[in-house]
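Undergrad: One file is attached below, target29.txt, containing compact mmCIF, C-alpha atoms.
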# COMPACT_ATOMS: atom_id res chain seq x y z
CA MET A 1175 0.00 0.00 0.00
CA LYS A 1176 2.90 2.37 0.75
CA ASP A 1177 4.38 1.78 -2.73
CA LEU A 1178 1.00 2.46 -4.32
CA ARG A 1179 0.59 5.68 -2.37
CA ASN A 1180 4.08 6.90 -3.30
CA ALA A 1181 3.57 6.02 -6.98
CA VAL A 1182 0.24 7.86 -7.11
CA ILE A 1183 1.75 10.94 -5.44
CA LEU A 1184 4.71 10.95 -7.83
CA LEU A 1185 2.47 10.62 -10.89
CA PHE A 1186 0.17 13.35 -9.59
CA ILE A 1187 3.07 15.75 -8.96
CA TYR A 1188 4.55 15.00 -12.38
CA LEU A 1189 1.29 15.75 -14.19
CA ILE A 1190 0.81 18.99 -12.23
CA ILE A 1191 4.32 20.12 -13.18
CA VAL A 1192 3.92 19.29 -16.89
CA LEU A 1193 0.46 20.83 -17.21
CA GLY A 1194 1.49 23.83 -15.11
CA ILE A 1195 4.54 24.55 -17.26
CA ALA A 1196 2.39 24.25 -20.39
CA GLN A 1197 0.25 27.13 -19.12
CA VAL A 1198 3.19 29.51 -18.67
CA GLU A 1199 3.04 31.87 -21.63
CA GLU A 1200 6.72 32.83 -21.64
CA PHE A 1201 7.79 29.19 -21.57
CA GLU A 1202 5.46 28.45 -24.48
CA LYS A 1203 6.80 31.33 -26.58
CA GLN A 1204 10.52 31.06 -25.89
CA ILE A 1205 11.23 27.43 -25.00
CA LEU A 1206 8.64 24.85 -26.03
CA ASN A 1207 5.19 25.16 -27.53
CA PHE A 1208 3.32 21.96 -26.67
CA ARG A 1209 1.05 20.76 -29.48
CA PRO A 1210 -2.54 19.56 -28.87
CA ALA A 1211 -1.62 16.04 -30.00
CA PHE A 1212 0.96 15.93 -27.20
CA PHE A 1213 -1.72 16.45 -24.52
CA VAL A 1214 -3.90 13.77 -26.12
CA MET A 1215 -1.02 11.28 -26.05
CA LEU A 1216 -0.12 12.30 -22.50
CA ALA A 1217 -3.67 11.61 -21.28
CA LEU A 1218 -3.88 8.31 -23.16
CA ALA A 1219 -0.45 7.22 -21.87
CA VAL A 1220 -1.60 7.77 -18.29
CA PHE A 1221 -4.93 6.03 -18.84
CA VAL A 1222 -3.44 2.98 -20.59
CA GLY A 1223 -0.67 2.74 -18.00
CA LEU A 1224 -3.19 2.69 -15.16
CA VAL A 1225 -5.52 0.14 -16.76
CA LEU A 1226 -3.32 -2.25 -18.74
CA PRO A 1227 -0.92 -3.65 -16.08
CA ALA A 1228 -3.83 -4.35 -13.71
CA ARG A 1229 -5.63 -6.40 -16.38
CA LEU A 1230 -2.90 -7.93 -18.54
CA ARG A 1231 0.59 -9.27 -17.90
CA VAL A 1232 2.53 -6.79 -19.99
CA SER A 1233 6.09 -5.57 -19.58
CA MET A 1234 6.83 -1.89 -19.05
CA TYR A 1235 9.35 -2.04 -21.89
CA VAL A 1236 6.66 -3.29 -24.25
CA LEU A 1237 4.40 -0.42 -23.18
CA LEU A 1238 7.17 2.16 -23.66
CA GLY A 1239 7.97 0.65 -27.05
CA VAL A 1240 4.34 0.92 -28.13
CA TRP A 1241 4.25 4.60 -27.18
CA ALA A 1242 7.49 5.19 -29.06
CA VAL A 1243 5.86 3.74 -32.17
CA ILE A 1244 2.71 5.83 -31.63
CA TYR A 1245 4.78 9.00 -31.16
CA ALA A 1246 6.74 8.27 -34.34
CA GLY A 1247 3.46 7.70 -36.18
CA VAL A 1248 2.05 11.05 -35.02
CA TRP A 1249 5.18 12.82 -36.25
CA LEU A 1250 5.22 10.88 -39.52
CA PHE A 1251 1.56 11.45 -40.44
CA HIS A 1252 0.78 14.75 -38.72
CA TRP A 1253 3.51 16.96 -37.28
CA ARG A 1254 5.92 16.89 -40.21
CA PHE A 1255 3.24 18.34 -42.49
CA LEU A 1256 2.65 21.40 -40.30
CA SER A 1257 3.92 24.77 -41.50
CA ASP A 1258 5.71 25.42 -38.18
CA SER A 1259 7.15 21.95 -37.73
CA LEU A 1260 8.82 20.99 -34.45
CA THR A 1261 12.56 21.03 -33.98
CA ILE A 1262 14.50 17.93 -32.98
CA GLN A 1263 14.87 19.31 -29.44
CA GLU A 1264 11.14 19.90 -29.13
CA LEU A 1265 10.35 16.44 -30.47
CA GLY A 1266 12.81 14.91 -28.03
CA VAL A 1267 11.42 16.73 -24.98
CA GLN A 1268 7.82 15.84 -25.79
CA PHE A 1269 8.81 12.23 -26.41
CA LEU A 1270 10.60 11.99 -23.05
CA LEU A 1271 7.63 13.52 -21.22
CA ILE A 1272 5.23 11.00 -22.75
CA GLU A 1273 7.55 8.07 -21.99
CA ILE A 1274 7.95 9.25 -18.38
CA SER A 1275 4.16 9.57 -17.96
CA ALA A 1276 3.68 6.08 -19.41
CA GLY A 1277 6.33 4.65 -17.08
CA LEU A 1278 4.99 6.33 -13.92
CA SER A 1279 1.40 5.35 -14.68
CA TYR A 1280 2.57 1.79 -15.41
CA TYR A 1281 3.93 1.48 -11.88
CA VAL A 1282 0.70 2.85 -10.41
CA GLY A 1283 -1.29 0.36 -12.49
CA ARG A 1284 1.01 -2.48 -11.46
CA TYR A 1285 0.63 -1.67 -7.77
CA ILE A 1286 -3.14 -1.46 -8.22
CA GLY A 1287 -3.02 -4.93 -9.78
CA GLN A 1288 -0.97 -6.23 -6.85
CA VAL A 1289 -3.49 -4.87 -4.35
CA ASP A 1290 -6.27 -6.41 -6.44
CA ASP A 1291 -4.52 -9.80 -6.45
CA LEU A 1292 -3.91 -9.54 -2.71
CA ILE A 1293 -7.58 -8.95 -1.97
CA LYS A 1294 -8.58 -11.71 -4.39
CA GLY A 1295 -6.12 -14.12 -2.76
CA LEU A 1296 -7.42 -13.23 0.69
CA ALA A 1297 -10.99 -13.88 -0.41
CA VAL A 1298 -10.08 -17.22 -2.01
CA SER A 1299 -8.11 -18.34 1.05
CA THR A 1300 -11.11 -17.50 3.20
CA TYR A 1301 -13.44 -19.56 0.98
CA PRO A 1302 -11.17 -22.18 -0.69
CA ASN A 1303 -12.39 -23.79 -3.91
CA ARG A 1304 -10.96 -25.26 -7.12
CA THR A 1305 -12.08 -22.45 -9.44
CA ILE A 1306 -9.45 -21.58 -12.02
CA ASP A 1307 -9.15 -18.57 -14.29
CA ILE A 1308 -10.35 -19.08 -17.85
CA ARG A 1309 -6.92 -18.02 -19.15
CA ASP A 1310 -5.32 -20.92 -17.27
CA ALA A 1311 -7.94 -23.52 -18.23
CA GLU A 1312 -7.27 -23.75 -21.97
CA GLU A 1313 -5.65 -27.20 -21.92
CA ARG A 1314 -8.32 -28.69 -19.62
CA ILE A 1315 -11.05 -27.29 -21.83
CA LYS A 1316 -9.48 -28.75 -24.99
CA THR A 1317 -9.11 -32.12 -23.28
CA GLU A 1318 -12.77 -32.31 -22.25
CA ILE A 1319 -14.07 -31.14 -25.64
CA THR A 1320 -11.81 -33.59 -27.49
CA ARG A 1321 -12.79 -36.50 -25.24
CA SER A 1322 -16.51 -35.81 -25.64
CA ARG A 1323 -16.14 -35.50 -29.41
CA ARG A 1324 -14.06 -38.68 -29.69
CA TYR A 1325 -16.38 -40.86 -27.62
CA ASN A 1326 -19.58 -39.08 -28.68
CA SER A 1327 -20.49 -38.48 -25.04
CA PRO A 1328 -22.62 -35.60 -23.75
CA LEU A 1329 -21.05 -32.54 -22.20
CA SER A 1330 -22.85 -29.52 -20.81
CA MET A 1331 -21.84 -26.05 -19.80
CA LEU A 1332 -23.30 -23.72 -17.21
CA VAL A 1333 -22.64 -19.99 -17.03
CA LEU A 1334 -23.58 -18.53 -13.65
CA GLN A 1335 -23.61 -14.85 -12.82
CA VAL A 1336 -24.08 -13.21 -9.45
CA GLU A 1337 -26.66 -10.46 -9.76
CA GLN A 1338 -25.91 -7.22 -7.92
CA GLY A 1339 -28.57 -5.32 -6.05
CA SER A 1340 -29.59 -1.79 -6.96
CA GLU A 1341 -27.09 1.00 -6.40
CA GLU A 1342 -29.37 2.57 -3.82
CA ASP A 1343 -29.47 -0.64 -1.77
CA GLN A 1344 -25.71 -1.04 -2.00
CA GLN A 1345 -25.13 2.50 -0.78
CA GLN A 1346 -27.30 1.83 2.23
CA GLN A 1347 -25.32 -1.30 3.12
CA TYR A 1348 -21.71 -0.26 2.66
CA LYS A 1349 -19.39 2.44 1.35
CA SER A 1350 -17.15 2.22 -1.68
CA LEU A 1351 -14.25 0.19 -0.27
CA GLN A 1352 -16.48 -2.03 1.82
CA ARG A 1353 -18.63 -2.71 -1.23
CA ASP A 1354 -15.65 -3.86 -3.28
CA LEU A 1355 -14.34 -6.09 -0.50
CA LEU A 1356 -17.74 -7.64 0.14
CA ARG A 1357 -18.25 -8.32 -3.56
CA ARG A 1358 -14.93 -10.13 -3.75
CA PHE A 1359 -15.62 -12.22 -0.67
CA ALA A 1360 -19.13 -12.97 -1.92
CA PHE A 1361 -17.67 -14.04 -5.28
CA ALA A 1362 -15.23 -16.37 -3.52
CA LYS A 1363 -18.03 -17.75 -1.34
CA VAL A 1364 -20.15 -18.46 -4.43
CA GLY A 1365 -17.14 -20.27 -5.92
CA GLN A 1366 -16.95 -22.42 -2.81
CA ILE A 1367 -20.66 -23.24 -3.03
CA ILE A 1368 -20.30 -24.21 -6.70
CA ASN A 1369 -17.27 -26.32 -5.76
CA ASP A 1370 -19.29 -28.16 -3.11
CA SER A 1371 -22.25 -28.68 -5.45
CA ALA A 1372 -20.32 -29.86 -8.51
CA ARG A 1373 -18.70 -33.25 -9.07
CA GLN A 1374 -14.95 -33.77 -8.88
CA THR A 1375 -14.85 -34.28 -12.64
CA ASP A 1376 -16.55 -30.94 -13.37
CA LEU A 1377 -14.28 -28.09 -14.44
CA ILE A 1378 -15.05 -24.81 -12.65
CA ILE A 1379 -13.75 -21.65 -14.33
CA SER A 1380 -14.05 -17.92 -13.65
CA ASP A 1381 -13.80 -15.35 -16.45
CA GLN A 1382 -12.88 -11.67 -16.60
CA ALA A 1383 -16.54 -10.65 -16.35
CA ARG A 1384 -16.71 -12.26 -12.87
CA ARG A 1385 -18.89 -15.11 -14.06
CA PHE A 1386 -18.50 -18.80 -13.26
CA ILE A 1387 -18.35 -21.39 -16.03
CA VAL A 1388 -18.93 -25.04 -15.12
CA LEU A 1389 -17.99 -27.66 -17.71
CA CYS A 1390 -19.83 -30.89 -16.92
CA PRO A 1391 -18.57 -34.01 -18.74
CA GLU A 1392 -21.03 -36.88 -19.15
CA VAL A 1393 -23.95 -34.62 -18.18
CA ASP A 1394 -26.77 -33.82 -20.58
CA TYR A 1395 -28.65 -30.55 -20.79
CA GLN A 1396 -31.52 -31.63 -18.53
CA ASN A 1397 -29.29 -32.65 -15.64
CA SER A 1398 -27.14 -29.55 -16.02
CA THR A 1399 -30.21 -27.38 -15.41
CA ILE A 1400 -30.90 -29.36 -12.23
CA LEU A 1401 -27.36 -28.63 -11.06
CA ALA A 1402 -27.82 -24.95 -11.89
CA GLU A 1403 -31.01 -24.74 -9.85
CA ARG A 1404 -29.35 -26.47 -6.91
CA ILE A 1405 -26.49 -23.95 -7.01
CA ARG A 1406 -28.97 -21.08 -7.29
CA ARG A 1407 -30.86 -22.19 -4.20
CA ALA A 1408 -27.65 -22.74 -2.21
CA VAL A 1409 -26.32 -19.29 -3.11
CA SER A 1410 -29.64 -17.69 -2.23
CA GLU A 1411 -29.67 -19.37 1.17
CA LYS A 1412 -26.00 -18.96 2.14
CA VAL A 1413 -24.98 -15.66 0.53
CA ASN A 1414 -28.35 -13.95 0.15
CA ALA A 1415 -27.54 -13.19 -3.49
CA ARG A 1416 -29.35 -13.97 -6.73
CA ILE A 1417 -27.82 -16.15 -9.43
CA THR A 1418 -28.74 -16.04 -13.10
CA TRP A 1419 -27.63 -18.95 -15.24
CA GLY A 1420 -27.59 -20.28 -18.76
CA ALA A 1421 -26.80 -23.75 -20.09
CA ALA A 1422 -25.77 -25.32 -23.38
CA SER A 1423 -24.95 -28.89 -24.39
CA PHE A 1424 -22.49 -30.66 -26.65
CA PRO A 1425 -22.90 -31.91 -29.37
CA ARG A 1426 -26.61 -31.19 -29.76
CA GLU A 1427 -26.30 -27.39 -29.67
CA ALA A 1428 -22.63 -26.58 -30.22
CA LEU A 1429 -19.40 -28.30 -31.21
CA THR A 1430 -16.72 -26.02 -29.71
CA PHE A 1431 -16.05 -24.40 -26.35
CA ASP A 1432 -16.57 -20.90 -27.75
CA GLU A 1433 -19.90 -21.89 -29.28
CA LEU A 1434 -21.02 -23.50 -26.02
CA LEU A 1435 -20.00 -20.38 -24.10
CA ALA A 1436 -21.82 -18.05 -26.49
CA MET A 1437 -24.98 -20.17 -26.33
CA ALA A 1438 -24.93 -20.39 -22.52
CA ARG A 1439 -24.36 -16.64 -22.19
CA ARG A 1440 -27.32 -15.92 -24.45
CA ARG A 1441 -29.45 -18.12 -22.21
CA LEU A 1442 -28.56 -16.37 -18.96
CA ARG A 1443 -31.92 -16.54 -17.29
CA SER A 1444 -33.51 -15.33 -14.10
CA SER A 1445 -33.77 -17.37 -10.93
CA SER A 1446 -37.13 -18.61 -12.08
CA GLY A 1447 -35.57 -20.53 -14.98
CA ALA A 1448 -36.90 -24.04 -15.60
CA PRO A 1449 -38.75 -24.59 -12.32
CA ALA A 1450 -40.97 -27.29 -13.80
CA LEU A 1451 -37.94 -29.26 -14.89
CA VAL A 1452 -36.51 -29.17 -11.38
CA ASP A 1453 -39.78 -30.13 -9.74
CA GLN A 1454 -40.24 -33.11 -12.02
CA ASN A 1455 -36.71 -34.37 -11.55
CA VAL A 1456 -35.93 -33.79 -7.87
CA SER A 1457 -34.76 -37.38 -7.59
CA SER A 1458 -32.17 -36.73 -10.29
CA VAL A 1459 -30.27 -34.14 -8.25
CA ASP A 1460 -28.16 -36.77 -6.53
CA GLN A 1461 -27.44 -38.30 -9.91
CA VAL A 1462 -25.78 -35.06 -11.06
CA LYS A 1463 -23.64 -34.85 -7.96
Here is the file; what I need is its structure written in the form of structure tokens.

TA:
Amino acid sequence: MKDLRNAVILLFIYLIIVLGIAQVEEFEKQILNFRPAFFVMLALAVFVGLVLPARLRVSMYVLLGVWAVIYAGVWLFHWRFLSDSLTIQELGVQFLLIEISAGLSYYVGRYIGQVDDLIKGLAVSTYPNRTIDIRDAEERIKTEITRSRRYNSPLSMLVLQVEQGSEEDQQQQYKSLQRDLLRRFAFAKVGQIINDSARQTDLIISDQARRFIVLCPEVDYQNSTILAERIRRAVSEKVNARITWGAASFPREALTFDELLAMARRRLRSSSGAPALVDQNVSSVDQVK
């Protein structure tokens, strides 16, 4: 947290200095006249640096290289055609300022990502489960799809999403930081409930949209909906949250993981989904487990 605070302060001071100098008329006339495109690139460099490291595993050198290419492109297709083109010194100073802003914002974004991972790890350790990130599940997914295709066996997919309450209700329950922490712990708790409800052979995945994906080998569409309803009831009772879900089956409705995922997402339904099916097949719940 101390590193994050220091990085934010340093970035803030740097931006104040750059923008403050740009407003000094004498500096603009006699030393360096910043161009509008420079301020656009400066703002984008800060924004991308804050967002990208927290979401993707990208090196700072790659980020700086990308901005070098962008800067060269702006000069090549825009600045060199201006009547009062920039000197080499002016181009160099603006380039350094943009690279410095990209680097400082990268560190802030990286520390934000570390805090995010820390909170996520704390939530998962509190409610342990075998949920894995969709980016790390590629080989397992390919294996299950290939096995089902080879042996012509059924395979179903569930997509489960935790529904948030209204913003007014959330504000009454907790403030901004508390809300984020509670959401993360609730997400981990839902993962634990899904883990307890699913079979050992089921593959439980979480995606970037904070949804759970359950891949159920040897389970047809009908039984997958029973599992979904059981999870929905358990989450409602233990977390006091509402789950929406959608299901799709292989090979009847789709032949690839992406097609199954798209179909299940389109079928995200309310908690009232398929009640008749559940009522008529209560005895089949144990079969799914």

Undergrad: Hey, which of A:Trp1419, A:Ser1327, A:Ala1181, A:Glu1312 ends up closest to Arg1440 (chain A)? Count only C-alpha atoms.

TA: A:Trp1419

Undergrad: Counting all atoms listed in the file, find residues at most 9 Å from (0.8, 7.0, -21.6) (file frame) and give them as JSON, numbers by chain.

TA: {"A": [1215, 1216, 1217, 1218, 1219, 1220, 1221, 1222, 1223, 1224, 1237, 1238, 1241, 1272, 1273, 1274, 1275, 1276, 1277, 1278, 1279, 1280]}

Undergrad: With 6 Å as the threshold, what does the neighbourhood of (-18.1, -28.9, -17.9) contain in terms of residues, counting all atoms listed in the file? Coordinates are those of the file; answer as a compact mmCIF listing (two decimals) with C-alpha atoms, in the frame of the given file.

TA:
# COMPACT_ATOMS: atom_id res chain seq x y z
CA SER A 1330 -22.85 -29.52 -20.81
CA MET A 1331 -21.84 -26.05 -19.80
CA ASP A 1376 -16.55 -30.94 -13.37
CA LEU A 1377 -14.28 -28.09 -14.44
CA VAL A 1388 -18.93 -25.04 -15.12
CA LEU A 1389 -17.99 -27.66 -17.71
CA CYS A 1390 -19.83 -30.89 -16.92
CA PRO A 1391 -18.57 -34.01 -18.74

Undergrad: Considering only C-alpha atoms, can you say which of A:Ala1372, A:Ser1233, A:Leu1178, A:Ile1183 comes closest to Asp1290 (chain A)?

TA: A:Leu1178

Undergrad: Between A:Ile1378, A:Arg1358, A:Ile1286, A:Val1333, which residue has the minimum interatomic distance to Arg1441 (chain A), considering all atoms listed in the file?

TA: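 For Arg1441 (chain A), the nearest of the given residues is A:Val1333.
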
Undergrad: Between A:Ser1380, A:Ser1371, A:Gln1396, A:Ser1322, which one has atoms that come closest to Thr1305 (chain A), using only C-alpha atoms?

TA: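 Closest to Thr1305 (chain A), using only C-alpha atoms: A:Ser1380.
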
Undergrad: Any chance you could model N, CA and C atoms for region 1357-1390 of chain A and send them as a PDB file, keeping the file's coordinate frame?

TA:
ATOM      1  N   ARG A1357     -17.991  -7.668  -2.283  1.00  0.00           N
ATOM      2  CA  ARG A1357     -18.250  -8.320  -3.560  1.00  0.00           C
ATOM      3  C   ARG A1357     -17.232  -9.430  -3.826  1.00  0.00           C
ATOM      4  N   ARG A1358     -15.976  -9.142  -3.524  1.00  0.00           N
ATOM      5  CA  ARG A1358     -14.930 -10.130  -3.750  1.00  0.00           C
ATOM      6  C   ARG A1358     -15.116 -11.349  -2.848  1.00  0.00           C
ATOM      7  N   PHE A1359     -15.422 -11.100  -1.584  1.00  0.00           N
ATOM      8  CA  PHE A1359     -15.620 -12.220  -0.670  1.00  0.00           C
ATOM      9  C   PHE A1359     -16.882 -12.991  -1.040  1.00  0.00           C
ATOM     10  N   ALA A1360     -17.908 -12.280  -1.480  1.00  0.00           N
ATOM     11  CA  ALA A1360     -19.130 -12.970  -1.920  1.00  0.00           C
ATOM     12  C   ALA A1360     -18.849 -13.817  -3.153  1.00  0.00           C
ATOM     13  N   PHE A1361     -18.027 -13.289  -4.081  1.00  0.00           N
ATOM     14  CA  PHE A1361     -17.670 -14.040  -5.280  1.00  0.00           C
ATOM     15  C   PHE A1361     -16.923 -15.321  -4.922  1.00  0.00           C
ATOM     16  N   ALA A1362     -15.974 -15.193  -3.966  1.00  0.00           N
ATOM     17  CA  ALA A1362     -15.230 -16.370  -3.520  1.00  0.00           C
ATOM     18  C   ALA A1362     -16.147 -17.371  -2.817  1.00  0.00           C
ATOM     19  N   LYS A1363     -17.092 -16.869  -2.046  1.00  0.00           N
ATOM     20  CA  LYS A1363     -18.030 -17.750  -1.340  1.00  0.00           C
ATOM     21  C   LYS A1363     -18.909 -18.499  -2.341  1.00  0.00           C
ATOM     22  N   VAL A1364     -19.359 -17.790  -3.388  1.00  0.00           N
ATOM     23  CA  VAL A1364     -20.150 -18.460  -4.430  1.00  0.00           C
ATOM     24  C   VAL A1364     -19.311 -19.544  -5.100  1.00  0.00           C
ATOM     25  N   GLY A1365     -18.025 -19.258  -5.343  1.00  0.00           N
ATOM     26  CA  GLY A1365     -17.140 -20.270  -5.920  1.00  0.00           C
ATOM     27  C   GLY A1365     -17.042 -21.495  -5.035  1.00  0.00           C
ATOM     28  N   GLN A1366     -17.004 -21.291  -3.732  1.00  0.00           N
ATOM     29  CA  GLN A1366     -16.950 -22.420  -2.810  1.00  0.00           C
ATOM     30  C   GLN A1366     -18.245 -23.229  -2.857  1.00  0.00           C
ATOM     31  N   ILE A1367     -19.377 -22.550  -2.955  1.00  0.00           N
ATOM     32  CA  ILE A1367     -20.660 -23.240  -3.030  1.00  0.00           C
ATOM     33  C   ILE A1367     -20.754 -24.071  -4.310  1.00  0.00           C
ATOM     34  N   ILE A1368     -20.302 -23.476  -5.441  1.00  0.00           N
ATOM     35  CA  ILE A1368     -20.300 -24.210  -6.700  1.00  0.00           C
ATOM     36  C   ILE A1368     -19.376 -25.419  -6.594  1.00  0.00           C
ATOM     37  N   ASN A1369     -18.228 -25.228  -5.958  1.00  0.00           N
ATOM     38  CA  ASN A1369     -17.270 -26.320  -5.760  1.00  0.00           C
ATOM     39  C   ASN A1369     -17.898 -27.464  -4.975  1.00  0.00           C
ATOM     40  N   ASP A1370     -18.654 -27.136  -3.932  1.00  0.00           N
ATOM     41  CA  ASP A1370     -19.290 -28.160  -3.110  1.00  0.00           C
ATOM     42  C   ASP A1370     -20.436 -28.852  -3.844  1.00  0.00           C
ATOM     43  N   SER A1371     -21.099 -28.121  -4.751  1.00  0.00           N
ATOM     44  CA  SER A1371     -22.250 -28.680  -5.450  1.00  0.00           C
ATOM     45  C   SER A1371     -21.854 -29.517  -6.666  1.00  0.00           C
ATOM     46  N   ALA A1372     -20.729 -29.174  -7.286  1.00  0.00           N
ATOM     47  CA  ALA A1372     -20.320 -29.860  -8.510  1.00  0.00           C
ATOM     48  C   ALA A1372     -19.596 -31.168  -8.194  1.00  0.00           C
ATOM     49  N   ARG A1373     -19.443 -31.999  -9.215  1.00  0.00           N
ATOM     50  CA  ARG A1373     -18.700 -33.250  -9.070  1.00  0.00           C
ATOM     51  C   ARG A1373     -17.211 -32.967  -9.186  1.00  0.00           C
ATOM     52  N   GLN A1374     -16.392 -33.927  -8.773  1.00  0.00           N
ATOM     53  CA  GLN A1374     -14.950 -33.770  -8.880  1.00  0.00           C
ATOM     54  C   GLN A1374     -14.488 -33.693 -10.325  1.00  0.00           C
ATOM     55  N   THR A1375     -15.236 -34.291 -11.226  1.00  0.00           N
ATOM     56  CA  THR A1375     -14.850 -34.280 -12.640  1.00  0.00           C
ATOM     57  C   THR A1375     -15.273 -33.014 -13.361  1.00  0.00           C
ATOM     58  N   ASP A1376     -16.120 -32.191 -12.742  1.00  0.00           N
ATOM     59  CA  ASP A1376     -16.550 -30.940 -13.370  1.00  0.00           C
ATOM     60  C   ASP A1376     -15.423 -29.916 -13.301  1.00  0.00           C
ATOM     61  N   LEU A1377     -15.311 -29.125 -14.353  1.00  0.00           N
ATOM     62  CA  LEU A1377     -14.280 -28.090 -14.440  1.00  0.00           C
ATOM     63  C   LEU A1377     -14.939 -26.746 -14.132  1.00  0.00           C
ATOM     64  N   ILE A1378     -14.469 -26.075 -13.082  1.00  0.00           N
ATOM     65  CA  ILE A1378     -15.050 -24.810 -12.650  1.00  0.00           C
ATOM     66  C   ILE A1378     -14.078 -23.689 -13.023  1.00  0.00           C
ATOM     67  N   ILE A1379     -14.577 -22.712 -13.775  1.00  0.00           N
ATOM     68  CA  ILE A1379     -13.750 -21.650 -14.330  1.00  0.00           C
ATOM     69  C   ILE A1379     -14.376 -20.311 -13.972  1.00  0.00           C
ATOM     70  N   SER A1380     -13.550 -19.289 -13.788  1.00  0.00           N
ATOM     71  CA  SER A1380     -14.050 -17.920 -13.650  1.00  0.00           C
ATOM     72  C   SER A1380     -13.476 -17.088 -14.789  1.00  0.00           C
ATOM     73  N   ASP A1381     -14.279 -16.178 -15.345  1.00  0.00           N
ATOM     74  CA  ASP A1381     -13.800 -15.350 -16.450  1.00  0.00           C
ATOM     75  C   ASP A1381     -13.606 -13.908 -15.997  1.00  0.00           C
ATOM     76  N   GLN A1382     -13.177 -13.054 -16.943  1.00  0.00           N
ATOM     77  CA  GLN A1382     -12.880 -11.670 -16.600  1.00  0.00           C
ATOM     78  C   GLN A1382     -14.121 -10.877 -16.241  1.00  0.00           C
ATOM     79  N   ALA A1383     -15.290 -11.338 -16.656  1.00  0.00           N
ATOM     80  CA  ALA A1383     -16.540 -10.650 -16.350  1.00  0.00           C
ATOM     81  C   ALA A1383     -17.111 -11.078 -14.999  1.00  0.00           C
ATOM     82  N   ARG A1384     -16.310 -11.793 -14.198  1.00  0.00           N
ATOM     83  CA  ARG A1384     -16.710 -12.260 -12.870  1.00  0.00           C
ATOM     84  C   ARG A1384     -17.941 -13.159 -12.959  1.00  0.00           C
ATOM     85  N   ARG A1385     -17.892 -14.064 -13.936  1.00  0.00           N
ATOM     86  CA  ARG A1385     -18.890 -15.110 -14.060  1.00  0.00           C
ATOM     87  C   ARG A1385     -18.217 -16.455 -13.840  1.00  0.00           C
ATOM     88  N   PHE A1386     -18.993 -17.436 -13.406  1.00  0.00           N
ATOM     89  CA  PHE A1386     -18.500 -18.800 -13.260  1.00  0.00           C
ATOM     90  C   PHE A1386     -18.950 -19.625 -14.454  1.00  0.00           C
ATOM     91  N   ILE A1387     -18.052 -20.476 -14.937  1.00  0.00           N
ATOM     92  CA  ILE A1387     -18.350 -21.390 -16.030  1.00  0.00           C
ATOM     93  C   ILE A1387     -18.076 -22.800 -15.521  1.00  0.00           C
ATOM     94  N   VAL A1388     -19.074 -23.660 -15.592  1.00  0.00           N
ATOM     95  CA  VAL A1388     -18.930 -25.040 -15.120  1.00  0.00           C
ATOM     96  C   VAL A1388     -19.056 -25.961 -16.321  1.00  0.00           C
ATOM     97  N   LEU A1389     -17.996 -26.684 -16.612  1.00  0.00           N
ATOM     98  CA  LEU A1389     -17.990 -27.660 -17.710  1.00  0.00           C
ATOM     99  C   LEU A1389     -18.260 -29.028 -17.111  1.00  0.00           C
ATOM    100  N   CYS A1390     -19.336 -29.662 -17.558  1.00  0.00           N
ATOM    101  CA  CYS A1390     -19.830 -30.890 -16.920  1.00  0.00           C
ATOM    102  C   CYS A1390     -19.741 -32.078 -17.886  1.00  0.00           C
TER     103      CYS A1390
END
